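J.: There's a structure below that I have some questions on.
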Amino acid sequence: MRKDYKRFLTILKDNPVLYDTAQKVLGKHQGALSLVGETTYSLTAPIMYLYTKWVLQSALNQGISRLYFLARDGFILYKTAVLICKQYHLDIECKYIYVSRYALRIPQYHLDMEVSMDKIFGNAANITLKKIFDRVAFDDRQISEVMNQVSIDIDQLHSQLNYTELKEVKQRFQACQVFQQMVMENSKKAYDSTIAYMKQEGLFDEIEYAIVDVGWIGTIQQSMEALVNSYRSKPIQLKGFYFGLYDTPDNMNPNNFNTFYFNSRNGLKRKVMFNNNIFECLCAANNGMTIGYETKNRMYIPMFSSEKNVNAGSWPIEEQINGVQEFAKEAVIVDTISRQANKRDMQIIYTLCKEFMCRPTKREAIEYGRFKFSDDITEKNLTSLAIEMTKEEIRENRLIYYILERMGSAVHTKISCWPEGSIVIAGGRETRWNQIDCILLRTIRYIKMNIKKVKR
């Protein structure tokens with residue numbers, strides 16, 4: 001059987017610590033690993049190790065004594081950070097905190113409705129009115145009443161909206177007082193328990209702390225800061241560490257958003273050869289998504305959309321988690337905390353991401369592509385990360401259709417959260433051209449985002 005991971009080992013040779021560690025742990029499990037296990041030791045674990053070590057080094061340099069690793073993408077990073085801190089006796093407290101964009105935005109909405117409307121009507125893959133209502137926790141009665149108020153037929157609830165239609169829907173809902181009133185009511189209901197949980201976890205302590213996440217536009221940091229400052233008499237500016245950021249929220253200090261791999265102004269080449277959705281798969285935790293908080297035995301505890309990750313039992317999450325930890329345990333023995341990630345390490349990460357995310361083998365595309373995923377804050381309407389698509393559906397995702405949609409043409413098509421994965425699974429003579437088109441499309445999107453950022 002072909003060993004797909006061997007091309008990753010070749011890339012790791014430029015860093016002896018990573019290469020020797022990967023060789024060692026792979027040798028321990030010769031013939032006993034799944035494709036995910038092999039990929040974890042040769043790609044996922046080295047990337048997570050370098051990023052986590054950078055976070056800890058940066059926290060030490062900035063005098064930060066506590067780090068909050070955010071559920072759920074921060075779980076693997078948290079476990080790795082605890083291990084590194086123990087090995088090097090670092091004076092940093094690491095905590096894992098149960099939050100999500102959904103659990104924080106609901107109680108935040110009523111604090112600033114103007115800002116909240118942009119979040120509620122943010123674009124996403126295969127966006128529908130039902131997804132929008134889910135973002136504000138509306139029940140069937142509220143949905144029916146609002147649909148009547150804005151004169152939209154209930155039959156349109158699950159219809160996919162294109163870019164132009166979404167803008168039109170937002171305008172109609174912004175003018176609907178009933179909609180805004182209901183959003184305010186739901187938000188205020190969730191506020192007290194959220195603040196109580198944050199207080200319990202030490203977010204109101206008078207110490208230097210920061211949050212740790214993977215990315216991608218910093219809105220959780222914005223939500224946490226807004227909620228903390230809504231309760232404190234003396235406002236704070238929250239700091240965050242990220243693998244990468246495509247953008248940062250307006251009216252927040254960009255210096256408080258520390259990035260490892262790319263940011264809103266730099267790293268175009270890295271962003272183009274990267275897929276944040278598949279990266280979240282590499283960070284998968286075993287618990288479900290946090291949707292709110294409740295009291296039990298005088299403690300505030302998270303409520304989950306499901307007890308376990310929706311992929312638990314059907315995808316090797318535990319093998320991936322354990323693999324990253326085993327790699328880190330071996331790496332810290334031969335590494336030092338003072339060794340900073342350098343240009344060579346960044347090139348390693350770039351080449352690994354390009355090879356795996358943009359040029360996956362068919363086995364990788366099938367195995368990682370079947371991971372259940374949602375790019376929306378509600379985690380509803382789950383799809384496979386790389387959905388099966390016909391060759392015609394893949395063509396309809398090309399750059400020319402993106403341009404037509406922005407011009408107002410009603411183009412509705414299936415959208416894959418990992419297009420290169422879907423392309424490889426579909427196969428055919430146009431595979432290479434479709435991969436190149438994906439790169440061109442992302443290049444234009446990120447250039448456009450950078451221009452908007454400069455204008456703001």
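Here, A, B, ... name the chains of the structure tokens in the order displayed, residue numbers run from 1 inside each chain, and ligands are numbered from 1 in the same displayed order.
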Residues within 8 Å of region 333-345 of chain A, please, as a list of chain:residue names. Count only C-alpha atoms; anything in the same chain fewer than 4 positions from it doesn't count.
T.: A:Asp14, A:Asn15, A:Val17, A:Leu50, A:Lys53, A:Trp54, A:Gln57, A:Tyr88, A:Lys329, A:Ile349
J.: Fewer than 2 positions away in the same chain doesn't count, so skip those; otherwise give me all residues within 10 Å of region 260-272 of chain A, counting only C-alpha atoms, as a PyMOL selection string.
T.: chain A and resi 50-52+54-55+58+214-217+241-248+254+257-258+274-276+341+346-347+349-351+353-354+358+438-447+449-451+453-454
J.: If you count only C-alpha atoms, which residues fall within 12 Å of Thr10 (chain A), apart from same-chain ones fewer than 3 positions away, as a PyMOL selection string?
T.: chain A and resi 4-7+13-16+18-20+22-23+42-43+348+351-352+355
J.: With only C-alpha atoms as the counted atoms, please give the residues lying no more than 6 Å from region 303-315 of chain A, apart from itself and same-chain residues fewer than 2 positions off, as a ChimeraX atom specification.
T.: /A:286-293,317
J.: Which residues of region 294-327 of chain A come within 10 Å of region 184-205 of chain A, and what is each one's closest atom pair and distance in Å (one decimal), counting only C-alpha atoms, sorted by chain and residue number, as JSON lines?
T.:
```
{"residue": "A:Glu294", "atom": "CA", "partner": "A:Ser193", "partner_atom": "CA", "distance": 6.6}
{"residue": "A:Thr295", "atom": "CA", "partner": "A:Ser193", "partner_atom": "CA", "distance": 8.1}
{"residue": "A:Met299", "atom": "CA", "partner": "A:Gln200", "partner_atom": "CA", "distance": 8.1}
{"residue": "A:Tyr300", "atom": "CA", "partner": "A:Tyr197", "partner_atom": "CA", "distance": 5.4}
{"residue": "A:Ile301", "atom": "CA", "partner": "A:Tyr197", "partner_atom": "CA", "distance": 7.2}
{"residue": "A:Pro302", "atom": "CA", "partner": "A:Tyr197", "partner_atom": "CA", "distance": 8.3}
```
J.: So which residues of region 27-222 of chain A fall under strand (DSSP E or B) by DSSP, listed as an MDAnalysis selection string?
T.: chainID A and resid 66:70 93:97 209:213
J.: As a list in words, please: the residues near Ala59 (chain A) (cut-off 9 Å, only C-alpha atoms, same-chain neighbours under 5 positions excluded).
T.: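 Within the cut-off, the hits are Trp54, Ile64, Ser65, Arg66, Leu67, Ile92, Tyr209, Ala210 and Phe241 of chain A.
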J.: May I have the selected residues written with N, CA and C atoms, as a PDB file, in the first residue's frame?
T.:
```pdb
ATOM      1  N   TRP A  54       5.316  28.538  19.953  1.00  0.00           N
ATOM      2  CA  TRP A  54       5.353  29.983  19.677  1.00  0.00           C
ATOM      3  C   TRP A  54       4.421  30.738  20.609  1.00  0.00           C
ATOM      4  N   ILE A  64       2.548  37.531  30.150  1.00  0.00           N
ATOM      5  CA  ILE A  64       1.210  36.959  30.341  1.00  0.00           C
ATOM      6  C   ILE A  64       1.314  35.702  31.196  1.00  0.00           C
ATOM      7  N   SER A  65       0.547  35.652  32.258  1.00  0.00           N
ATOM      8  CA  SER A  65       0.670  34.544  33.214  1.00  0.00           C
ATOM      9  C   SER A  65      -0.434  33.491  33.085  1.00  0.00           C
ATOM     10  N   ARG A  66      -1.481  33.787  32.300  1.00  0.00           N
ATOM     11  CA  ARG A  66      -2.557  32.807  32.122  1.00  0.00           C
ATOM     12  C   ARG A  66      -3.022  32.818  30.663  1.00  0.00           C
ATOM     13  N   LEU A  67      -3.202  31.610  30.118  1.00  0.00           N
ATOM     14  CA  LEU A  67      -3.688  31.463  28.761  1.00  0.00           C
ATOM     15  C   LEU A  67      -4.975  30.656  28.768  1.00  0.00           C
ATOM     16  N   ILE A  92       3.342  29.616  33.475  1.00  0.00           N
ATOM     17  CA  ILE A  92       2.146  30.028  32.741  1.00  0.00           C
ATOM     18  C   ILE A  92       1.022  29.064  33.089  1.00  0.00           C
ATOM     19  N   TYR A 209      -3.814  38.107  31.185  1.00  0.00           N
ATOM     20  CA  TYR A 209      -4.156  36.855  30.520  1.00  0.00           C
ATOM     21  C   TYR A 209      -4.473  37.115  29.053  1.00  0.00           C
ATOM     22  N   ALA A 210      -4.516  36.039  28.284  1.00  0.00           N
ATOM     23  CA  ALA A 210      -4.825  36.124  26.857  1.00  0.00           C
ATOM     24  C   ALA A 210      -5.551  34.856  26.435  1.00  0.00           C
ATOM     25  N   PHE A 241      -3.901  35.081  20.781  1.00  0.00           N
ATOM     26  CA  PHE A 241      -2.884  34.451  19.936  1.00  0.00           C
ATOM     27  C   PHE A 241      -3.589  33.534  18.939  1.00  0.00           C
TER      28      PHE A 241
END
```
J.: Give the answer as one residue: which of A:Glu319, A:Asp375, A:Glu38, A:Asp437 has the shortest atom-to-atom distance to Gly122 (chain A), using only C-alpha atoms?
T.: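 Smallest separation from Gly122 (chain A) among the options: A:Asp375.
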J.: What does the distance from CA of Gln177 (chain A) to CA of Ser151 (chain A) come to in Å, to one decimal?
T.: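 CA of Gln177 (chain A) sits 13.7 Å away from CA of Ser151 (chain A).
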J.: Quick one, how far is CA of Tyr368 (chain A) from CA of Thr80 (chain A)?
T.: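 Atom-to-atom, CA of Tyr368 (chain A) to CA of Thr80 (chain A), that is 22.3 Å.
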J.: I'd like the interatomic distance between CA of Val178 (chain A) and CA of Thr128 (chain A), to a tenth of an Å.
T.: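 Spanning CA of Val178 (chain A) to CA of Thr128 (chain A) is a straight-line distance of 19.8 Å.
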J.: So which one's closest to Phe356 (chain A), A:Cys283, A:Val424, A:Leu60, A:Leu382? Using only C-alpha atoms, please.
T.: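 Closest to Phe356 (chain A), using only C-alpha atoms: A:Val424.
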